[in-house]
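The file target.cif contains mmCIF, C-alpha atoms:
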```cif
data_protein
loop_
_atom_site.label_atom_id
_atom_site.label_comp_id
_atom_site.auth_asym_id
_atom_site.auth_seq_id
_atom_site.Cartn_x
_atom_site.Cartn_y
_atom_site.Cartn_z
CA MET A 1 10.12 -11.74 -16.14
CA LYS A 2 8.52 -9.42 -18.72
CA ARG A 3 5.36 -8.97 -16.65
CA GLU A 4 7.33 -7.39 -13.80
CA GLN A 5 9.10 -4.81 -15.96
CA ARG A 6 7.47 -1.40 -16.18
CA GLY A 7 8.60 1.93 -17.49
CA ILE A 8 9.28 3.79 -20.67
CA THR A 9 11.83 2.94 -23.33
CA LEU A 10 14.63 5.33 -24.21
CA SER A 11 13.08 6.11 -27.61
CA GLY A 12 9.71 6.78 -25.93
CA LEU A 13 11.41 9.15 -23.50
CA ILE A 14 13.15 11.00 -26.35
CA TYR A 15 9.89 11.38 -28.33
CA THR A 16 8.07 12.60 -25.23
CA CYS A 17 10.81 15.18 -24.54
CA ILE A 18 10.70 16.41 -28.15
CA ILE A 19 6.92 16.84 -28.05
CA LEU A 20 6.98 18.59 -24.67
CA GLY A 21 9.84 20.83 -25.83
CA PHE A 22 7.93 21.82 -28.97
CA ILE A 23 4.80 22.63 -26.93
CA ALA A 24 6.87 24.67 -24.45
CA LEU A 25 8.49 26.63 -27.31
CA VAL A 26 5.12 27.49 -28.87
CA VAL A 27 3.75 28.59 -25.48
CA MET A 28 6.82 30.78 -24.86
CA LYS A 29 6.33 32.44 -28.26
CA LEU A 30 2.58 33.03 -27.79
CA PHE A 31 2.48 34.06 -24.12
CA PRO A 32 3.82 37.63 -24.64
CA LEU A 33 1.05 38.35 -27.18
CA TYR A 34 -1.63 36.97 -24.90
CA ASN A 35 -0.19 38.80 -21.89
CA GLU A 36 -0.20 42.10 -23.77
CA LYS A 37 -3.83 41.51 -24.78
CA MET A 38 -4.76 41.03 -21.14
CA LYS A 39 -2.94 44.24 -20.16
CA VAL A 40 -4.76 46.19 -22.89
CA ASP A 41 -8.10 44.74 -21.70
CA PHE A 42 -7.32 45.80 -18.13
CA ALA A 43 -6.30 49.34 -19.15
CA LEU A 44 -9.41 49.89 -21.28
CA GLU A 45 -11.70 48.53 -18.59
CA LYS A 46 -10.09 50.73 -15.94
CA ILE A 47 -10.55 53.87 -18.04
CA ALA A 48 -14.09 52.98 -19.20
CA THR A 49 -15.32 52.35 -15.64
CA ALA A 50 -13.71 55.48 -14.17
CA PRO A 51 -16.27 57.97 -12.80
CA GLY A 52 -17.26 60.55 -15.41
CA ALA A 53 -15.54 58.74 -18.30
CA ASN A 54 -18.52 59.50 -20.55
CA ASN A 55 -17.86 63.24 -20.20
CA LYS A 56 -14.18 63.10 -21.17
CA SER A 57 -12.83 63.96 -24.60
CA LYS A 58 -11.14 61.41 -26.82
CA MET A 59 -7.67 62.82 -26.06
CA GLU A 60 -8.32 62.65 -22.29
CA LEU A 61 -9.31 59.00 -22.68
CA VAL A 62 -6.24 58.28 -24.84
CA LYS A 63 -3.93 59.90 -22.26
CA GLY A 64 -5.60 57.89 -19.49
CA VAL A 65 -5.13 54.64 -21.38
CA MET A 66 -1.50 55.52 -22.16
CA ARG A 67 -0.88 56.15 -18.43
CA GLN A 68 -2.30 52.69 -17.73
CA PHE A 69 0.00 51.29 -20.41
CA GLU A 70 3.00 52.87 -18.69
CA VAL A 71 2.04 51.19 -15.43
CA SER A 72 1.41 47.84 -17.16
CA ASP A 73 4.55 48.10 -19.32
CA VAL A 74 2.80 48.06 -22.70
CA ASP A 75 5.07 49.92 -25.11
CA ARG A 76 3.68 48.94 -28.50
CA TRP A 77 2.28 52.40 -29.42
CA SER A 78 3.11 56.06 -29.07
CA THR A 79 0.29 58.40 -28.06
CA PRO A 80 -0.44 59.64 -31.64
CA GLU A 81 -0.49 56.07 -33.01
CA PHE A 82 -2.86 54.92 -30.28
CA ALA A 83 -5.11 57.96 -30.78
CA LYS A 84 -5.65 56.79 -34.38
CA LEU A 85 -6.63 53.28 -33.23
CA LEU A 86 -8.96 54.21 -30.38
CA LYS A 87 -12.46 55.33 -31.33
CA VAL A 88 -15.12 56.95 -29.16
CA GLU A 89 -18.54 56.35 -30.70
CA LYS A 90 -21.94 57.73 -29.75
CA GLN A 91 -24.63 55.09 -29.51
CA LYS A 92 -28.00 55.66 -31.15
CA GLY A 93 -30.72 56.37 -28.62
CA LYS A 94 -28.31 56.42 -25.66
CA LYS A 95 -26.42 59.18 -23.90
CA VAL A 96 -23.56 56.81 -23.09
CA LYS A 97 -20.59 56.71 -25.49
CA LYS A 98 -18.68 53.58 -26.42
CA LEU A 99 -14.90 53.09 -26.39
CA VAL A 100 -13.82 50.91 -29.35
CA LEU A 101 -10.39 49.44 -30.02
CA ASP A 102 -9.68 47.21 -33.00
CA TYR A 103 -6.18 46.18 -34.16
CA GLU A 104 -3.92 43.26 -35.09
CA ILE A 105 -0.67 42.15 -33.47
CA ARG A 106 1.80 40.05 -35.46
CA GLY A 107 4.43 38.02 -33.70
CA PRO A 108 7.10 35.69 -35.07
CA LEU A 109 6.61 31.98 -34.47
CA PHE A 110 9.21 30.05 -36.51
CA GLY A 111 11.26 31.43 -39.37
CA GLU A 112 8.89 33.23 -41.71
CA LEU A 113 5.78 31.89 -39.98
CA ASP A 114 3.94 34.57 -37.98
CA VAL A 115 1.09 34.45 -35.51
CA VAL A 116 -1.66 37.07 -35.80
CA LEU A 117 -3.73 38.11 -32.80
CA LYS A 118 -6.83 40.07 -33.79
CA TYR A 119 -8.09 42.32 -31.04
CA ALA A 120 -11.58 43.86 -31.01
CA ASN A 121 -13.13 45.32 -27.88
CA ALA A 122 -15.95 47.78 -27.25
CA LEU A 123 -16.83 49.11 -23.79
CA GLU A 124 -19.51 51.53 -22.66
CA LEU A 125 -18.13 54.52 -20.79
CA ASN A 126 -19.25 55.14 -17.23
CA ALA A 127 -21.74 58.01 -17.15
CA SER A 128 -21.88 58.50 -13.38
CA GLY A 129 -20.01 61.46 -11.95
CA GLY A 130 -19.09 59.45 -8.81
#
```

Could you quickly redo this structure as structure tokens?
Amino acid sequence: MKREQRGITLSGLIYTCIILGFIALVVMKLFPLYNEKMKVDFALEKIATAPGANNKSKMELVKGVMRQFEVSDVDRWSTPEFAKLLKVEKQKGKKVKKLVLDYEIRGPLFGELDVVLKYANALELNASGG
């Protein structure tokens, strides 16, 4: 009789549901941070690859990125705050400038436990006038 019985016990089902629920909760807490990181990556890449990006001033690049943020619904920074974070660096021996963004995002996980996402990205600006 025992050989024909198959399945999961009630306690096994409860433990499985608890584990899956915990994993789902962690994913729901972390997904907004990861999603925002992807939107920031997309905005920076779009601005860096735009024709003539190498000839633009830092404020023109900041305004372009902020426009991309409006489209992507990233509302973490105001324009002056973002202008302090974004750096435009000249590379030694090259005429092409580099767009550098480096910051940290903190998000709540459980109670007083936070998650920190460190973001660091550097992209060469497009020099073609296209």

Hey, what's within 10 Å of Leu25 of chain A if we count only C-alpha atoms and toss same-chain stuff fewer than 5 positions away? As JSON, numbers by chain, please? {"A": [19, 20, 30, 109, 110]}

Could you tell me how far atom CA of Glu45 of chain A sits from atom CA of Lys118 of chain A, in Å to one decimal place? 18.1 Å

Written as a ChimeraX atom specification, what is the full residue list that the PyMOL selection byres ((chain A and resi 82-86) around 9) yields on the file shown? /A:58-59,62-63,66,77-81,87-88,99-103

Put those residues in a file: C-alpha atoms, as a tab-separated table (two decimals), keeping the file's coordinate frame.
```tsv
chain	number	residue	atom	x	y	z
A	58	LYS	CA	-11.14	61.41	-26.82
A	59	MET	CA	-7.67	62.82	-26.06
A	62	VAL	CA	-6.24	58.28	-24.84
A	63	LYS	CA	-3.93	59.90	-22.26
A	66	MET	CA	-1.50	55.52	-22.16
A	77	TRP	CA	2.28	52.40	-29.42
A	78	SER	CA	3.11	56.06	-29.07
A	79	THR	CA	0.29	58.40	-28.06
A	80	PRO	CA	-0.44	59.64	-31.64
A	81	GLU	CA	-0.49	56.07	-33.01
A	87	LYS	CA	-12.46	55.33	-31.33
A	88	VAL	CA	-15.12	56.95	-29.16
A	99	LEU	CA	-14.90	53.09	-26.39
A	100	VAL	CA	-13.82	50.91	-29.35
A	101	LEU	CA	-10.39	49.44	-30.02
A	102	ASP	CA	-9.68	47.21	-33.00
A	103	TYR	CA	-6.18	46.18	-34.16
```

Please identify all polymer residues within 12 Å of Ala127 of chain A, counting only C-alpha atoms, omitting same-chain residues fewer than 3 positions from it, and present them as a list in words.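 Counting only the stated atoms, we get Ile47, Ala48, Thr49, Ala50, Pro51, Gly52, Ala53, Asn54, Asn55, Lys56, Lys94, Lys95, Val96, Lys97, Lys98, Glu124 and Gly130 of chain A.
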
Considering all atoms listed in the file, state which residue in the set A:Arg106, A:Arg6, A:Arg76, A:Lys92 is at the smallest distance from Val40 of chain A.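 So, comparing all the options, the nearest one is A:Arg76.
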
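As for atom CA of Ser57 of chain A and atom CA of Gly93 of chain A, they are spaced 19.8 Å apart.
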
Out of A:Gly12, A:Gly64, A:Gly107, A:Gly7, which residue has the shortest atom-to-atom distance to Leu44 of chain A when counting all atoms listed in the file?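 Distance minimum relative to Leu44 of chain A lands on A:Gly64.
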
Mind filling out segment 111-130 of chain A with N, CA, C and O atoms and sending it as a PDB file, in the coordinates of the input?
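The result, stored in rebuild20.pdb:
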```
ATOM      1  N   GLY A 111      10.787  30.986 -38.063  1.00  0.00           N
ATOM      2  CA  GLY A 111      11.260  31.430 -39.370  1.00  0.00           C
ATOM      3  C   GLY A 111      10.381  32.525 -39.934  1.00  0.00           C
ATOM      4  O   GLY A 111      10.249  33.590 -39.356  1.00  0.00           O
ATOM      5  N   GLU A 112       9.767  32.252 -41.076  1.00  0.00           N
ATOM      6  CA  GLU A 112       8.890  33.230 -41.710  1.00  0.00           C
ATOM      7  C   GLU A 112       7.422  33.023 -41.356  1.00  0.00           C
ATOM      8  O   GLU A 112       6.549  33.669 -41.932  1.00  0.00           O
ATOM      9  N   LEU A 113       7.145  32.156 -40.416  1.00  0.00           N
ATOM     10  CA  LEU A 113       5.780  31.890 -39.980  1.00  0.00           C
ATOM     11  C   LEU A 113       5.441  32.834 -38.825  1.00  0.00           C
ATOM     12  O   LEU A 113       6.139  32.859 -37.809  1.00  0.00           O
ATOM     13  N   ASP A 114       4.373  33.622 -39.002  1.00  0.00           N
ATOM     14  CA  ASP A 114       3.940  34.570 -37.980  1.00  0.00           C
ATOM     15  C   ASP A 114       2.607  34.129 -37.373  1.00  0.00           C
ATOM     16  O   ASP A 114       1.835  33.402 -37.986  1.00  0.00           O
ATOM     17  N   VAL A 115       2.364  34.641 -36.187  1.00  0.00           N
ATOM     18  CA  VAL A 115       1.090  34.450 -35.510  1.00  0.00           C
ATOM     19  C   VAL A 115       0.396  35.804 -35.502  1.00  0.00           C
ATOM     20  O   VAL A 115       1.024  36.828 -35.245  1.00  0.00           O
ATOM     21  N   VAL A 116      -0.898  35.832 -35.797  1.00  0.00           N
ATOM     22  CA  VAL A 116      -1.660  37.070 -35.800  1.00  0.00           C
ATOM     23  C   VAL A 116      -2.715  36.996 -34.713  1.00  0.00           C
ATOM     24  O   VAL A 116      -3.509  36.053 -34.653  1.00  0.00           O
ATOM     25  N   LEU A 117      -2.718  38.003 -33.841  1.00  0.00           N
ATOM     26  CA  LEU A 117      -3.730  38.110 -32.800  1.00  0.00           C
ATOM     27  C   LEU A 117      -4.626  39.289 -33.181  1.00  0.00           C
ATOM     28  O   LEU A 117      -4.148  40.416 -33.268  1.00  0.00           O
ATOM     29  N   LYS A 118      -5.885  39.015 -33.454  1.00  0.00           N
ATOM     30  CA  LYS A 118      -6.830  40.070 -33.790  1.00  0.00           C
ATOM     31  C   LYS A 118      -7.537  40.494 -32.509  1.00  0.00           C
ATOM     32  O   LYS A 118      -8.083  39.668 -31.790  1.00  0.00           O
ATOM     33  N   TYR A 119      -7.504  41.786 -32.262  1.00  0.00           N
ATOM     34  CA  TYR A 119      -8.090  42.320 -31.040  1.00  0.00           C
ATOM     35  C   TYR A 119      -9.263  43.216 -31.418  1.00  0.00           C
ATOM     36  O   TYR A 119      -9.127  44.109 -32.264  1.00  0.00           O
ATOM     37  N   ALA A 120     -10.401  43.007 -30.814  1.00  0.00           N
ATOM     38  CA  ALA A 120     -11.580  43.860 -31.010  1.00  0.00           C
ATOM     39  C   ALA A 120     -12.311  43.928 -29.671  1.00  0.00           C
ATOM     40  O   ALA A 120     -12.698  42.903 -29.118  1.00  0.00           O
ATOM     41  N   ASN A 121     -12.466  45.147 -29.165  1.00  0.00           N
ATOM     42  CA  ASN A 121     -13.130  45.320 -27.880  1.00  0.00           C
ATOM     43  C   ASN A 121     -13.923  46.610 -27.913  1.00  0.00           C
ATOM     44  O   ASN A 121     -13.456  47.615 -28.436  1.00  0.00           O
ATOM     45  N   ALA A 122     -15.118  46.597 -27.358  1.00  0.00           N
ATOM     46  CA  ALA A 122     -15.950  47.780 -27.250  1.00  0.00           C
ATOM     47  C   ALA A 122     -16.536  47.818 -25.847  1.00  0.00           C
ATOM     48  O   ALA A 122     -17.143  46.845 -25.397  1.00  0.00           O
ATOM     49  N   LEU A 123     -16.346  48.947 -25.159  1.00  0.00           N
ATOM     50  CA  LEU A 123     -16.830  49.110 -23.790  1.00  0.00           C
ATOM     51  C   LEU A 123     -17.634  50.380 -23.672  1.00  0.00           C
ATOM     52  O   LEU A 123     -17.264  51.418 -24.230  1.00  0.00           O
ATOM     53  N   GLU A 124     -18.750  50.310 -22.933  1.00  0.00           N
ATOM     54  CA  GLU A 124     -19.510  51.530 -22.660  1.00  0.00           C
ATOM     55  C   GLU A 124     -18.797  52.331 -21.579  1.00  0.00           C
ATOM     56  O   GLU A 124     -18.293  51.766 -20.603  1.00  0.00           O
ATOM     57  N   LEU A 125     -18.785  53.646 -21.765  1.00  0.00           N
ATOM     58  CA  LEU A 125     -18.130  54.520 -20.790  1.00  0.00           C
ATOM     59  C   LEU A 125     -19.063  54.787 -19.629  1.00  0.00           C
ATOM     60  O   LEU A 125     -20.283  54.930 -19.807  1.00  0.00           O
ATOM     61  N   ASN A 126     -18.500  54.895 -18.453  1.00  0.00           N
ATOM     62  CA  ASN A 126     -19.250  55.140 -17.230  1.00  0.00           C
ATOM     63  C   ASN A 126     -19.800  56.570 -17.259  1.00  0.00           C
ATOM     64  O   ASN A 126     -19.068  57.530 -17.428  1.00  0.00           O
ATOM     65  N   ALA A 127     -21.107  56.693 -17.081  1.00  0.00           N
ATOM     66  CA  ALA A 127     -21.740  58.010 -17.150  1.00  0.00           C
ATOM     67  C   ALA A 127     -21.862  58.671 -15.791  1.00  0.00           C
ATOM     68  O   ALA A 127     -22.103  59.863 -15.705  1.00  0.00           O
ATOM     69  N   SER A 128     -21.702  57.921 -14.712  1.00  0.00           N
ATOM     70  CA  SER A 128     -21.880  58.500 -13.380  1.00  0.00           C
ATOM     71  C   SER A 128     -20.729  59.421 -13.031  1.00  0.00           C
ATOM     72  O   SER A 128     -19.595  59.186 -13.401  1.00  0.00           O
ATOM     73  N   GLY A 129     -21.032  60.467 -12.327  1.00  0.00           N
ATOM     74  CA  GLY A 129     -20.010  61.460 -11.950  1.00  0.00           C
ATOM     75  C   GLY A 129     -19.225  61.062 -10.744  1.00  0.00           C
ATOM     76  O   GLY A 129     -18.181  61.622 -10.472  1.00  0.00           O
ATOM     77  N   GLY A 130     -19.682  60.063  -9.955  1.00  0.00           N
ATOM     78  CA  GLY A 130     -19.090  59.450  -8.810  1.00  0.00           C
ATOM     79  C   GLY A 130     -18.128  60.193  -8.090  1.00  0.00           C
ATOM     80  O   GLY A 130     -17.394  60.232  -7.291  1.00  0.00           O
TER      81      GLY A 130
END
```
